[in-house]
Number of protein chains: 2
Amino acid sequence: MNGRYPIALHILTLLNKTQSELLSSDYIAGSININPALVRKEISNLRNHGFIASKEGKGGGYSIAKPGRQITLADIYNAVKEPHILGVAKNTPNPDCAIGKQINKNIEELYIDLDTAFIAKLGTMTLEDFSNKFV
Amino acid sequence: MNGRYPIALHILTLLNKTQSELLSSDYIAGSININPALVRKEISNLRNHGFIASKEGKGGGYSIAKPGRQITLADIYNAVKEPHILGVAKNTPNPDCAIGKQINKNIEELYIDLDTAFIAKLGTMTLEDFSNKFV
DNA sequence: CAATACTGTAATAAAATTAGTTACAATTTA
DNA sequence: TAAATTGTAACTAATTTTATTACAGTATTG
């Protein structure tokens with residue numbers, strides 16, 4: 001798994017804590033300590049999911065698009081998630097092997113089961129809850 | 001996340017289904033369709049965790065070290081797991097930012113919480129259960 | 001005891017993925 | 001019109017993952 005989830009959480013926490021004004025990608029990048037273009041790229045994704053509103057032009061920037069109470073950590077997970085929770089092997093198993101032939105289907109099933117449980121757990125926590133951990 | 005979990009599951013399923021004889025890394029690699037040296041490397045890890053027994057020399061190979069009923073999918077997860085369930089960002093957040101200063105601690109807490117729940121779920125399934133999905 | 005067939009492990013190389021950088025058009029404000 | 005900002009693409013660098021090669025060590029078997 002790459003660093004997109006923690007980055008997304010960082011961005012959304014900042015915006016959720018800053019209701020009154022717009023934050024620029026430069027400011028956000030300064031808090032995270034990464035490149036502003038990367039921030040804009042991830043925000044582009046989060047905006048497509050309806051979590052963030054943006055305003056172009058001078059004085060523009062970003063704000064949270066809806067109350068943190070209405071964004072669960074599962075929603076964020078779904079917005080940045082990897083294809084499979086426990087990783088994907090890149091091999092193509094041997095179709096002439098009894099196990100190899102069936103393993104992908106069975107792993108797939110297992111993953112769906114796990115993913116469902118994981119999302120259920122994440123769904124019990126909101127961005128607001130997470131934000132409230134900050135003093 | 002990389003492909004180690006599915007690879008480990010594949011190896012262990014093969015061995016659990018083959019109680020009577022030893023399987024060579026070559027045979028296992030043939031089923032997975034990856035390099036035998038990689039198989040031996042992952043097995044080296046799984047052996048250190050007590051899941052696999054090995055025999056060197058001619059006619060040697062691998063076998064399951066204990067009943068599949070005694071190996072949970074959580075045990076396997078713990079043997080190959082990544083540092084964090086939802087990924088790690090490589091940045092060092094700005095310590096002069098109120099959010100940046102606290103985010104790592106809060107993410108850490110969240111991850112421990114999630115990991116615990118995930119392991120509990122995985123702990124309800126055994127290698128035997130997984131093996132039984134194969135007809 | 002010599003040949004063979006394995007494991008165990010390390011070193012290296014190749015491939016794939018992720019993160020970072022640069023650039024610039026488009027937009028808005030003043 | 002100048003300045004500040006987003007949006008996006010193209011490219012580069014770094015890191016991680018996977019693959020390959022090699023070979024010493026260990027049993028087995030004729």
# chains A, B, ... in the order shown; residues from 1 in each chain; ligands from 1
call {"tool": "closest_atom_pairs", "arguments": {"of": "chain B", "to": "chain C", "cutoff": "7 Å", "atoms": "only C-alpha atoms (C1' of nucleotides)", "output": "CSV"}}
result
residue,atom,partner,partner_atom,distance
B:Glu56,CA,C:DT7,C1',4.8
B:Gly57,CA,C:DC6,C1',4.4
B:Lys58,CA,C:DA5,C1',4.3
B:Gly59,CA,C:DC6,C1',6.2
B:Gly60,CA,C:DC6,C1',5.5
call {"tool": "calpha_fit_and_write", "arguments": {"fixed": "chain A", "moving": "chain B", "output": "short mmCIF file (atom, residue, chain, number, x, y, z; two decimals) with N, CA and C atoms, in the first residue's frame"}}
result
data_model
loop_
_atom_site.label_atom_id
_atom_site.label_comp_id
_atom_site.auth_asym_id
_atom_site.auth_seq_id
_atom_site.Cartn_x
_atom_site.Cartn_y
_atom_site.Cartn_z
N MET B 1 0.92 -1.21 -0.13
CA MET B 1 0.08 -0.01 -0.10
C MET B 1 0.96 1.25 -0.12
N ASN B 2 0.50 2.23 -0.84
CA ASN B 2 1.26 3.47 -0.94
C ASN B 2 0.76 4.48 0.10
N GLY B 3 1.23 5.71 0.02
CA GLY B 3 0.91 6.67 1.07
C GLY B 3 -0.32 7.52 0.83
N ARG B 4 -1.17 7.11 -0.09
CA ARG B 4 -2.29 7.99 -0.44
C ARG B 4 -3.30 8.15 0.68
N TYR B 5 -3.56 7.09 1.42
CA TYR B 5 -4.57 7.22 2.48
C TYR B 5 -4.14 8.23 3.55
N PRO B 6 -2.97 8.08 4.13
CA PRO B 6 -2.54 9.08 5.12
C PRO B 6 -2.48 10.50 4.55
N ILE B 7 -2.06 10.62 3.31
CA ILE B 7 -2.01 11.95 2.69
C ILE B 7 -3.43 12.53 2.58
N ALA B 8 -4.35 11.70 2.12
CA ALA B 8 -5.74 12.15 1.98
C ALA B 8 -6.32 12.54 3.34
N LEU B 9 -6.03 11.75 4.35
CA LEU B 9 -6.51 12.06 5.70
C LEU B 9 -5.94 13.39 6.18
N HIS B 10 -4.67 13.60 5.90
CA HIS B 10 -4.02 14.84 6.33
C HIS B 10 -4.71 16.04 5.66
N ILE B 11 -4.88 15.95 4.38
CA ILE B 11 -5.54 17.04 3.63
C ILE B 11 -6.93 17.30 4.19
N LEU B 12 -7.70 16.25 4.33
CA LEU B 12 -9.09 16.42 4.76
C LEU B 12 -9.19 16.93 6.20
N THR B 13 -8.27 16.50 7.04
CA THR B 13 -8.25 16.99 8.41
C THR B 13 -7.97 18.49 8.44
N LEU B 14 -6.99 18.90 7.67
CA LEU B 14 -6.68 20.34 7.59
C LEU B 14 -7.90 21.14 7.16
N LEU B 15 -8.56 20.67 6.10
CA LEU B 15 -9.70 21.41 5.58
C LEU B 15 -10.88 21.37 6.54
N ASN B 16 -11.06 20.25 7.20
CA ASN B 16 -12.17 20.14 8.14
C ASN B 16 -11.96 21.04 9.35
N LYS B 17 -10.71 21.25 9.70
CA LYS B 17 -10.39 22.10 10.84
C LYS B 17 -10.40 23.59 10.46
N THR B 18 -10.44 23.86 9.19
CA THR B 18 -10.36 25.25 8.72
C THR B 18 -11.60 25.61 7.92
N GLN B 19 -12.65 25.85 8.61
CA GLN B 19 -13.92 26.09 7.93
C GLN B 19 -13.99 27.47 7.31
N SER B 20 -13.31 28.43 7.95
CA SER B 20 -13.54 29.83 7.60
C SER B 20 -12.85 30.30 6.33
N GLU B 21 -11.71 29.77 6.02
CA GLU B 21 -10.98 30.30 4.86
C GLU B 21 -10.54 29.19 3.91
N LEU B 22 -10.13 29.63 2.73
CA LEU B 22 -9.62 28.67 1.75
C LEU B 22 -8.14 28.40 2.00
N LEU B 23 -7.75 27.15 1.84
CA LEU B 23 -6.32 26.83 1.96
C LEU B 23 -5.76 26.56 0.57
N SER B 24 -4.57 27.07 0.30
CA SER B 24 -3.95 26.84 -1.00
C SER B 24 -3.19 25.51 -1.00
N SER B 25 -2.94 25.00 -2.18
CA SER B 25 -2.17 23.75 -2.29
C SER B 25 -0.78 23.95 -1.71
N ASP B 26 -0.30 25.16 -1.83
CA ASP B 26 1.01 25.47 -1.27
C ASP B 26 1.03 25.36 0.25
N TYR B 27 0.00 25.91 0.86
CA TYR B 27 -0.09 25.84 2.31
C TYR B 27 -0.22 24.38 2.77
N ILE B 28 -1.12 23.66 2.12
CA ILE B 28 -1.34 22.26 2.48
C ILE B 28 -0.06 21.45 2.30
N ALA B 29 0.59 21.68 1.16
CA ALA B 29 1.85 20.98 0.89
C ALA B 29 2.88 21.28 1.98
N GLY B 30 2.84 22.51 2.49
CA GLY B 30 3.76 22.89 3.55
C GLY B 30 3.52 22.15 4.84
N SER B 31 2.26 21.85 5.12
CA SER B 31 1.94 21.10 6.33
C SER B 31 2.34 19.63 6.20
N ILE B 32 2.06 19.09 5.02
CA ILE B 32 2.37 17.67 4.80
C ILE B 32 3.86 17.49 4.54
N ASN B 33 4.42 18.51 3.92
CA ASN B 33 5.82 18.47 3.50
C ASN B 33 6.02 17.61 2.25
N ILE B 34 5.17 17.85 1.27
CA ILE B 34 5.34 17.22 -0.04
C ILE B 34 5.10 18.30 -1.10
N ASN B 35 5.18 17.91 -2.34
CA ASN B 35 5.07 18.84 -3.46
C ASN B 35 3.62 19.32 -3.69
N PRO B 36 3.43 20.62 -3.90
CA PRO B 36 2.09 21.16 -4.12
C PRO B 36 1.34 20.48 -5.27
N ALA B 37 2.06 20.11 -6.31
CA ALA B 37 1.39 19.46 -7.44
C ALA B 37 0.79 18.12 -7.04
N LEU B 38 1.46 17.45 -6.13
CA LEU B 38 0.93 16.18 -5.64
C LEU B 38 -0.34 16.41 -4.84
N VAL B 39 -0.32 17.47 -4.07
CA VAL B 39 -1.51 17.82 -3.29
C VAL B 39 -2.67 18.09 -4.22
N ARG B 40 -2.42 18.89 -5.25
CA ARG B 40 -3.51 19.20 -6.18
C ARG B 40 -4.03 17.95 -6.87
N LYS B 41 -3.12 17.03 -7.15
CA LYS B 41 -3.52 15.78 -7.81
C LYS B 41 -4.43 14.95 -6.90
N GLU B 42 -4.03 14.80 -5.66
CA GLU B 42 -4.86 14.00 -4.76
C GLU B 42 -6.18 14.72 -4.50
N ILE B 43 -6.12 16.04 -4.38
CA ILE B 43 -7.34 16.81 -4.16
C ILE B 43 -8.29 16.65 -5.35
N SER B 44 -7.72 16.61 -6.52
CA SER B 44 -8.52 16.41 -7.72
C SER B 44 -9.38 15.15 -7.57
N ASN B 45 -8.76 14.12 -7.06
CA ASN B 45 -9.49 12.87 -6.81
C ASN B 45 -10.54 13.04 -5.72
N LEU B 46 -10.14 13.65 -4.62
CA LEU B 46 -11.05 13.81 -3.49
C LEU B 46 -12.21 14.75 -3.84
N ARG B 47 -11.94 15.68 -4.71
CA ARG B 47 -13.00 16.57 -5.16
C ARG B 47 -14.02 15.80 -6.01
N ASN B 48 -13.50 14.93 -6.86
CA ASN B 48 -14.41 14.10 -7.67
C ASN B 48 -15.32 13.24 -6.79
N HIS B 49 -14.87 12.96 -5.60
CA HIS B 49 -15.68 12.17 -4.68
C HIS B 49 -16.58 13.04 -3.80
N GLY B 50 -16.51 14.34 -4.03
CA GLY B 50 -17.44 15.23 -3.33
C GLY B 50 -17.02 15.66 -1.93
N PHE B 51 -15.76 15.43 -1.58
CA PHE B 51 -15.32 15.78 -0.23
C PHE B 51 -14.78 17.21 -0.15
N ILE B 52 -14.30 17.70 -1.29
CA ILE B 52 -13.60 18.98 -1.29
C ILE B 52 -14.18 19.90 -2.37
N ALA B 53 -14.25 21.18 -2.03
CA ALA B 53 -14.64 22.20 -3.01
C ALA B 53 -13.40 23.02 -3.34
N SER B 54 -13.30 23.49 -4.58
CA SER B 54 -12.14 24.28 -4.94
C SER B 54 -12.56 25.57 -5.63
N LYS B 55 -11.69 26.53 -5.55
CA LYS B 55 -11.94 27.81 -6.20
C LYS B 55 -10.68 28.22 -6.94
N GLU B 56 -10.82 28.46 -8.22
CA GLU B 56 -9.66 28.81 -9.03
C GLU B 56 -9.34 30.29 -8.94
N GLY B 57 -8.21 30.65 -9.51
CA GLY B 57 -7.83 32.06 -9.62
C GLY B 57 -7.21 32.63 -8.36
N LYS B 58 -6.81 33.86 -8.46
CA LYS B 58 -6.17 34.53 -7.33
C LYS B 58 -7.06 34.50 -6.08
N GLY B 59 -6.46 34.21 -4.96
CA GLY B 59 -7.24 34.11 -3.73
C GLY B 59 -8.02 32.81 -3.63
N GLY B 60 -7.82 31.94 -4.62
CA GLY B 60 -8.54 30.65 -4.62
C GLY B 60 -7.92 29.67 -3.65
N GLY B 61 -8.43 28.45 -3.67
CA GLY B 61 -7.93 27.42 -2.77
C GLY B 61 -8.98 26.37 -2.53
N TYR B 62 -8.86 25.68 -1.42
CA TYR B 62 -9.72 24.54 -1.15
C TYR B 62 -10.44 24.65 0.18
N SER B 63 -11.61 24.03 0.20
CA SER B 63 -12.37 23.94 1.46
C SER B 63 -13.10 22.60 1.49
N ILE B 64 -13.52 22.23 2.69
CA ILE B 64 -14.26 20.97 2.82
C ILE B 64 -15.65 21.17 2.22
N ALA B 65 -16.14 20.16 1.50
CA ALA B 65 -17.39 20.34 0.76
C ALA B 65 -18.63 19.96 1.57
N LYS B 66 -18.42 19.21 2.63
CA LYS B 66 -19.55 18.88 3.50
C LYS B 66 -19.04 18.59 4.91
N PRO B 67 -19.92 18.60 5.87
CA PRO B 67 -19.48 18.44 7.26
C PRO B 67 -18.70 17.14 7.47
N GLY B 68 -17.65 17.24 8.27
CA GLY B 68 -16.82 16.08 8.56
C GLY B 68 -17.61 14.92 9.15
N ARG B 69 -18.73 15.24 9.74
CA ARG B 69 -19.58 14.21 10.32
C ARG B 69 -20.21 13.32 9.23
N GLN B 70 -20.26 13.88 8.04
CA GLN B 70 -20.88 13.15 6.92
C GLN B 70 -19.86 12.43 6.04
N ILE B 71 -18.61 12.46 6.45
CA ILE B 71 -17.57 11.75 5.68
C ILE B 71 -16.99 10.67 6.59
N THR B 72 -17.20 9.41 6.24
CA THR B 72 -16.62 8.36 7.08
C THR B 72 -15.23 8.00 6.56
N LEU B 73 -14.47 7.37 7.44
CA LEU B 73 -13.15 6.92 7.01
C LEU B 73 -13.26 5.85 5.94
N ALA B 74 -14.41 5.21 5.86
CA ALA B 74 -14.66 4.23 4.79
C ALA B 74 -14.83 4.94 3.46
N ASP B 75 -15.49 6.09 3.48
CA ASP B 75 -15.66 6.87 2.24
C ASP B 75 -14.29 7.25 1.68
N ILE B 76 -13.41 7.67 2.59
CA ILE B 76 -12.07 8.08 2.16
C ILE B 76 -11.30 6.86 1.64
N TYR B 77 -11.46 5.78 2.33
CA TYR B 77 -10.82 4.53 1.89
C TYR B 77 -11.28 4.16 0.49
N ASN B 78 -12.55 4.23 0.25
CA ASN B 78 -13.07 3.89 -1.07
C ASN B 78 -12.55 4.84 -2.15
N ALA B 79 -12.23 6.06 -1.74
CA ALA B 79 -11.75 7.04 -2.72
C ALA B 79 -10.29 6.81 -3.13
N VAL B 80 -9.53 6.18 -2.27
CA VAL B 80 -8.09 6.03 -2.59
C VAL B 80 -7.66 4.56 -2.61
N LYS B 81 -8.61 3.66 -2.51
CA LYS B 81 -8.21 2.30 -2.21
C LYS B 81 -7.52 1.56 -3.35
N GLU B 82 -6.69 0.64 -2.92
CA GLU B 82 -5.96 -0.25 -3.79
C GLU B 82 -6.89 -1.37 -4.23
N PRO B 83 -6.50 -2.06 -5.31
CA PRO B 83 -7.36 -3.14 -5.80
C PRO B 83 -7.69 -4.19 -4.74
N HIS B 84 -6.72 -4.56 -3.91
CA HIS B 84 -6.99 -5.62 -2.95
C HIS B 84 -6.32 -5.36 -1.62
N ILE B 85 -7.05 -5.67 -0.57
CA ILE B 85 -6.63 -5.34 0.77
C ILE B 85 -5.34 -6.03 1.19
N LEU B 86 -5.15 -7.24 0.74
CA LEU B 86 -3.96 -7.97 1.17
C LEU B 86 -2.93 -8.13 0.06
N GLY B 87 -3.02 -7.29 -0.96
CA GLY B 87 -2.02 -7.33 -2.01
C GLY B 87 -2.33 -8.32 -3.11
N VAL B 88 -1.76 -8.05 -4.27
CA VAL B 88 -1.98 -8.90 -5.42
C VAL B 88 -0.65 -9.45 -5.89
N ALA B 89 -0.61 -10.72 -6.17
CA ALA B 89 0.58 -11.29 -6.77
C ALA B 89 0.45 -11.14 -8.28
N LYS B 90 1.56 -10.95 -8.95
CA LYS B 90 1.50 -10.67 -10.38
C LYS B 90 1.63 -11.92 -11.25
N ASN B 91 1.82 -13.03 -10.59
CA ASN B 91 1.97 -14.29 -11.33
C ASN B 91 0.66 -14.77 -11.93
N THR B 92 0.76 -15.64 -12.92
CA THR B 92 -0.43 -16.37 -13.38
C THR B 92 -0.24 -17.82 -13.01
N PRO B 93 -1.00 -18.27 -12.03
CA PRO B 93 -0.78 -19.62 -11.51
C PRO B 93 -0.98 -20.67 -12.60
N ASN B 94 -0.32 -21.78 -12.42
CA ASN B 94 -0.36 -22.88 -13.38
C ASN B 94 -1.76 -23.48 -13.48
N PRO B 95 -2.37 -23.42 -14.64
CA PRO B 95 -3.73 -23.93 -14.81
C PRO B 95 -3.78 -25.46 -14.80
N ASP B 96 -2.63 -26.09 -14.91
CA ASP B 96 -2.59 -27.56 -14.89
C ASP B 96 -2.45 -28.10 -13.47
N CYS B 97 -2.33 -27.19 -12.52
CA CYS B 97 -2.23 -27.60 -11.12
C CYS B 97 -3.59 -27.40 -10.47
N ALA B 98 -4.02 -28.42 -9.75
CA ALA B 98 -5.36 -28.38 -9.14
C ALA B 98 -5.51 -27.15 -8.22
N ILE B 99 -4.47 -26.85 -7.51
CA ILE B 99 -4.52 -25.68 -6.62
C ILE B 99 -4.38 -24.40 -7.43
N GLY B 100 -3.35 -24.37 -8.27
CA GLY B 100 -3.10 -23.19 -9.09
C GLY B 100 -4.33 -22.74 -9.87
N LYS B 101 -5.07 -23.72 -10.35
CA LYS B 101 -6.24 -23.44 -11.17
C LYS B 101 -7.32 -22.69 -10.41
N GLN B 102 -7.41 -22.95 -9.10
CA GLN B 102 -8.53 -22.40 -8.34
C GLN B 102 -8.14 -21.27 -7.40
N ILE B 103 -6.85 -21.06 -7.23
CA ILE B 103 -6.43 -20.14 -6.16
C ILE B 103 -6.92 -18.72 -6.35
N ASN B 104 -6.91 -18.24 -7.57
CA ASN B 104 -7.32 -16.84 -7.76
C ASN B 104 -8.78 -16.60 -7.40
N LYS B 105 -9.63 -17.51 -7.77
CA LYS B 105 -11.04 -17.40 -7.42
C LYS B 105 -11.21 -17.40 -5.89
N ASN B 106 -10.51 -18.27 -5.23
CA ASN B 106 -10.65 -18.38 -3.78
C ASN B 106 -10.06 -17.20 -3.03
N ILE B 107 -8.96 -16.69 -3.55
CA ILE B 107 -8.37 -15.49 -2.94
C ILE B 107 -9.31 -14.31 -3.13
N GLU B 108 -9.84 -14.23 -4.31
CA GLU B 108 -10.80 -13.16 -4.63
C GLU B 108 -11.96 -13.17 -3.63
N GLU B 109 -12.52 -14.33 -3.40
CA GLU B 109 -13.63 -14.48 -2.45
C GLU B 109 -13.24 -14.03 -1.05
N LEU B 110 -12.09 -14.51 -0.63
CA LEU B 110 -11.58 -14.15 0.70
C LEU B 110 -11.44 -12.64 0.83
N TYR B 111 -10.89 -12.02 -0.18
CA TYR B 111 -10.63 -10.59 -0.14
C TYR B 111 -11.93 -9.79 -0.07
N ILE B 112 -12.92 -10.20 -0.81
CA ILE B 112 -14.20 -9.51 -0.77
C ILE B 112 -14.77 -9.56 0.64
N ASP B 113 -14.66 -10.73 1.24
CA ASP B 113 -15.13 -10.94 2.60
C ASP B 113 -14.41 -10.00 3.58
N LEU B 114 -13.08 -9.97 3.46
CA LEU B 114 -12.28 -9.14 4.35
C LEU B 114 -12.53 -7.66 4.13
N ASP B 115 -12.62 -7.30 2.86
CA ASP B 115 -12.82 -5.90 2.52
C ASP B 115 -14.15 -5.41 3.08
N THR B 116 -15.15 -6.21 2.99
CA THR B 116 -16.47 -5.85 3.51
C THR B 116 -16.40 -5.58 5.01
N ALA B 117 -15.72 -6.47 5.72
CA ALA B 117 -15.61 -6.30 7.17
C ALA B 117 -14.79 -5.06 7.51
N PHE B 118 -13.76 -4.83 6.72
CA PHE B 118 -12.87 -3.70 6.97
C PHE B 118 -13.61 -2.39 6.75
N ILE B 119 -14.37 -2.34 5.68
CA ILE B 119 -15.14 -1.13 5.37
C ILE B 119 -16.21 -0.89 6.45
N ALA B 120 -16.80 -1.96 6.93
CA ALA B 120 -17.80 -1.81 7.99
C ALA B 120 -17.17 -1.15 9.22
N LYS B 121 -15.98 -1.59 9.53
CA LYS B 121 -15.26 -1.02 10.68
C LYS B 121 -14.92 0.45 10.43
N LEU B 122 -14.37 0.73 9.26
CA LEU B 122 -14.03 2.11 8.91
C LEU B 122 -15.25 3.01 8.87
N GLY B 123 -16.38 2.41 8.52
CA GLY B 123 -17.62 3.18 8.39
C GLY B 123 -18.15 3.69 9.72
N THR B 124 -17.61 3.15 10.82
CA THR B 124 -18.07 3.60 12.14
C THR B 124 -17.34 4.87 12.59
N MET B 125 -16.34 5.29 11.82
CA MET B 125 -15.57 6.47 12.22
C MET B 125 -15.70 7.54 11.14
N THR B 126 -15.85 8.78 11.59
CA THR B 126 -15.96 9.87 10.63
C THR B 126 -14.73 10.76 10.64
N LEU B 127 -14.65 11.59 9.65
CA LEU B 127 -13.57 12.58 9.59
C LEU B 127 -13.63 13.50 10.80
N GLU B 128 -14.84 13.80 11.22
CA GLU B 128 -15.02 14.64 12.41
C GLU B 128 -14.41 13.96 13.64
N ASP B 129 -14.70 12.69 13.81
CA ASP B 129 -14.11 11.94 14.93
C ASP B 129 -12.58 12.04 14.88
N PHE B 130 -12.05 11.82 13.71
CA PHE B 130 -10.59 11.86 13.58
C PHE B 130 -10.06 13.25 13.88
N SER B 131 -10.74 14.25 13.35
CA SER B 131 -10.31 15.64 13.58
C SER B 131 -10.31 15.98 15.06
N ASN B 132 -11.27 15.41 15.78
CA ASN B 132 -11.39 15.71 17.20
C ASN B 132 -10.25 15.15 18.04
N LYS B 133 -9.45 14.31 17.44
CA LYS B 133 -8.28 13.80 18.17
C LYS B 133 -7.19 14.87 18.28
N PHE B 134 -7.32 15.91 17.47
CA PHE B 134 -6.29 16.96 17.48
C PHE B 134 -6.65 18.01 18.52
N VAL B 135 -5.68 18.30 19.38
CA VAL B 135 -5.96 19.27 20.44
C VAL B 135 -5.68 20.70 19.98
#
call {"tool": "select_by_dssp", "arguments": {"residues": "segment 25-132 of chain B", "states": "alpha helix (DSSP H)", "output": "number ranges by chain"}}
result
B: 25-32, 36-48, 73-80, 98-122, 127-131
call {"tool": "select_by_dssp", "arguments": {"residues": "segment 24-89 of chain A", "states": "strand (DSSP E)", "output": "list in words"}}
result
Ile52, Ala53, Ser54, Lys55, Gly61, Tyr62, Ser63 and Ile64 of chain A
call {"tool": "write_last_selection", "arguments": {"atoms": "N, CA and C atoms", "output": "PDB file, in the first residue's frame"}}
result
ATOM      1  N   ILE A  52     -14.288  17.661  -1.306  1.00  0.00           N
ATOM      2  CA  ILE A  52     -13.575  18.940  -1.315  1.00  0.00           C
ATOM      3  C   ILE A  52     -14.149  19.837  -2.397  1.00  0.00           C
ATOM      4  N   ALA A  53     -14.236  21.133  -2.064  1.00  0.00           N
ATOM      5  CA  ALA A  53     -14.630  22.133  -3.049  1.00  0.00           C
ATOM      6  C   ALA A  53     -13.403  22.971  -3.370  1.00  0.00           C
ATOM      7  N   SER A  54     -13.303  23.419  -4.615  1.00  0.00           N
ATOM      8  CA  SER A  54     -12.136  24.218  -4.978  1.00  0.00           C
ATOM      9  C   SER A  54     -12.565  25.493  -5.671  1.00  0.00           C
ATOM     10  N   LYS A  55     -11.699  26.462  -5.593  1.00  0.00           N
ATOM     11  CA  LYS A  55     -11.963  27.735  -6.260  1.00  0.00           C
ATOM     12  C   LYS A  55     -10.697  28.151  -6.982  1.00  0.00           C
ATOM     13  N   GLY A  61      -8.471  28.416  -3.718  1.00  0.00           N
ATOM     14  CA  GLY A  61      -7.957  27.394  -2.809  1.00  0.00           C
ATOM     15  C   GLY A  61      -9.012  26.346  -2.559  1.00  0.00           C
ATOM     16  N   TYR A  62      -8.860  25.666  -1.434  1.00  0.00           N
ATOM     17  CA  TYR A  62      -9.723  24.517  -1.177  1.00  0.00           C
ATOM     18  C   TYR A  62     -10.461  24.621   0.149  1.00  0.00           C
ATOM     19  N   SER A  63     -11.630  24.007   0.176  1.00  0.00           N
ATOM     20  CA  SER A  63     -12.380  23.915   1.433  1.00  0.00           C
ATOM     21  C   SER A  63     -13.112  22.576   1.451  1.00  0.00           C
ATOM     22  N   ILE A  64     -13.542  22.203   2.656  1.00  0.00           N
ATOM     23  CA  ILE A  64     -14.266  20.945   2.779  1.00  0.00           C
ATOM     24  C   ILE A  64     -15.665  21.123   2.174  1.00  0.00           C
TER      25      ILE A  64
END
call {"tool": "interface_residues", "arguments": {"of": "chain D", "to": "chain B", "cutoff": "10 Å", "atoms": "only C-alpha atoms (C1' of nucleotides)", "output": "compact mmCIF listing (two decimals) with N, CA and C atoms (P, O5', C5', C4', C3', O3' and C1' of nucleotides), in the first residue's frame"}}
result
# COMPACT_ATOMS: atom_id res chain seq x y z
P DT D 16 11.49 2.17 0.00
O5' DT D 16 10.78 1.03 -0.86
C5' DT D 16 9.54 1.35 -1.49
C4' DT D 16 9.16 0.20 -2.38
C3' DT D 16 9.33 -1.16 -1.73
O3' DT D 16 8.06 -1.76 -1.83
C1' DT D 16 10.28 -1.14 -3.90
P DT D 17 7.72 -3.21 -1.21
O5' DT D 17 7.79 -4.11 -2.52
C5' DT D 17 7.00 -3.74 -3.65
C4' DT D 17 7.38 -4.64 -4.80
C3' DT D 17 7.42 -6.12 -4.45
O3' DT D 17 6.44 -6.72 -5.26
C1' DT D 17 9.33 -5.47 -5.71
P DT D 18 6.16 -8.30 -5.24
O5' DT D 18 7.12 -8.83 -6.39
C5' DT D 18 6.92 -8.37 -7.72
C4' DT D 18 8.02 -8.91 -8.58
C3' DT D 18 8.20 -10.42 -8.51
O3' DT D 18 7.97 -10.91 -9.82
C1' DT D 18 10.30 -9.32 -8.41
P DA D 19 8.22 -12.44 -10.20
O5' DA D 19 9.72 -12.38 -10.74
C5' DA D 19 10.02 -11.51 -11.81
C4' DA D 19 11.45 -11.74 -12.24
C3' DA D 19 11.81 -13.21 -12.42
O3' DA D 19 12.35 -13.33 -13.72
C1' DA D 19 13.42 -12.11 -11.04
P DT D 20 12.87 -14.74 -14.24
O5' DT D 20 14.42 -14.66 -13.87
C5' DT D 20 15.15 -13.52 -14.32
C4' DT D 20 16.60 -13.67 -13.92
C3' DT D 20 17.19 -15.07 -14.13
O3' DT D 20 18.25 -14.90 -15.05
C1' DT D 20 17.76 -14.22 -11.99
P DT D 21 19.01 -16.17 -15.65
O5' DT D 21 20.26 -16.27 -14.68
C5' DT D 21 20.97 -15.08 -14.37
C4' DT D 21 22.02 -15.39 -13.32
C3' DT D 21 22.69 -16.76 -13.46
O3' DT D 21 24.08 -16.52 -13.64
C1' DT D 21 22.05 -16.33 -11.21
P DG D 25 30.46 -24.73 2.18
O5' DG D 25 29.05 -25.42 2.49
C5' DG D 25 28.11 -24.72 3.29
C4' DG D 25 26.89 -25.61 3.46
C3' DG D 25 27.22 -27.00 4.01
O3' DG D 25 26.27 -27.29 5.04
C1' DG D 25 25.97 -27.19 2.01
P DT D 26 26.37 -28.65 5.85
O5' DT D 26 25.25 -29.54 5.15
C5' DT D 26 23.89 -29.10 5.20
C4' DT D 26 23.03 -30.15 4.55
C3' DT D 26 23.28 -31.57 5.03
O3' DT D 26 22.02 -32.17 5.24
C1' DT D 26 23.35 -31.51 2.71
P DA D 27 21.72 -33.05 6.57
O5' DA D 27 20.69 -34.12 6.01
C5' DA D 27 21.23 -35.15 5.27
C4' DA D 27 20.33 -35.43 4.12
C3' DA D 27 20.20 -36.92 3.93
O3' DA D 27 18.86 -37.24 3.69
C1' DA D 27 21.18 -35.90 2.00
P DT D 28 18.39 -38.76 3.75
O5' DT D 28 18.69 -39.22 2.27
C5' DT D 28 17.93 -38.64 1.21
C4' DT D 28 18.32 -39.30 -0.10
C3' DT D 28 18.35 -40.84 -0.04
O3' DT D 28 17.50 -41.29 -1.09
C1' DT D 28 20.32 -39.98 -1.02
P DT D 29 17.07 -42.80 -1.20
O5' DT D 29 17.96 -43.28 -2.44
C5' DT D 29 18.13 -42.40 -3.56
C4' DT D 29 19.17 -42.99 -4.48
C3' DT D 29 19.27 -44.51 -4.40
O3' DT D 29 19.46 -45.01 -5.71
C1' DT D 29 21.39 -43.57 -4.04
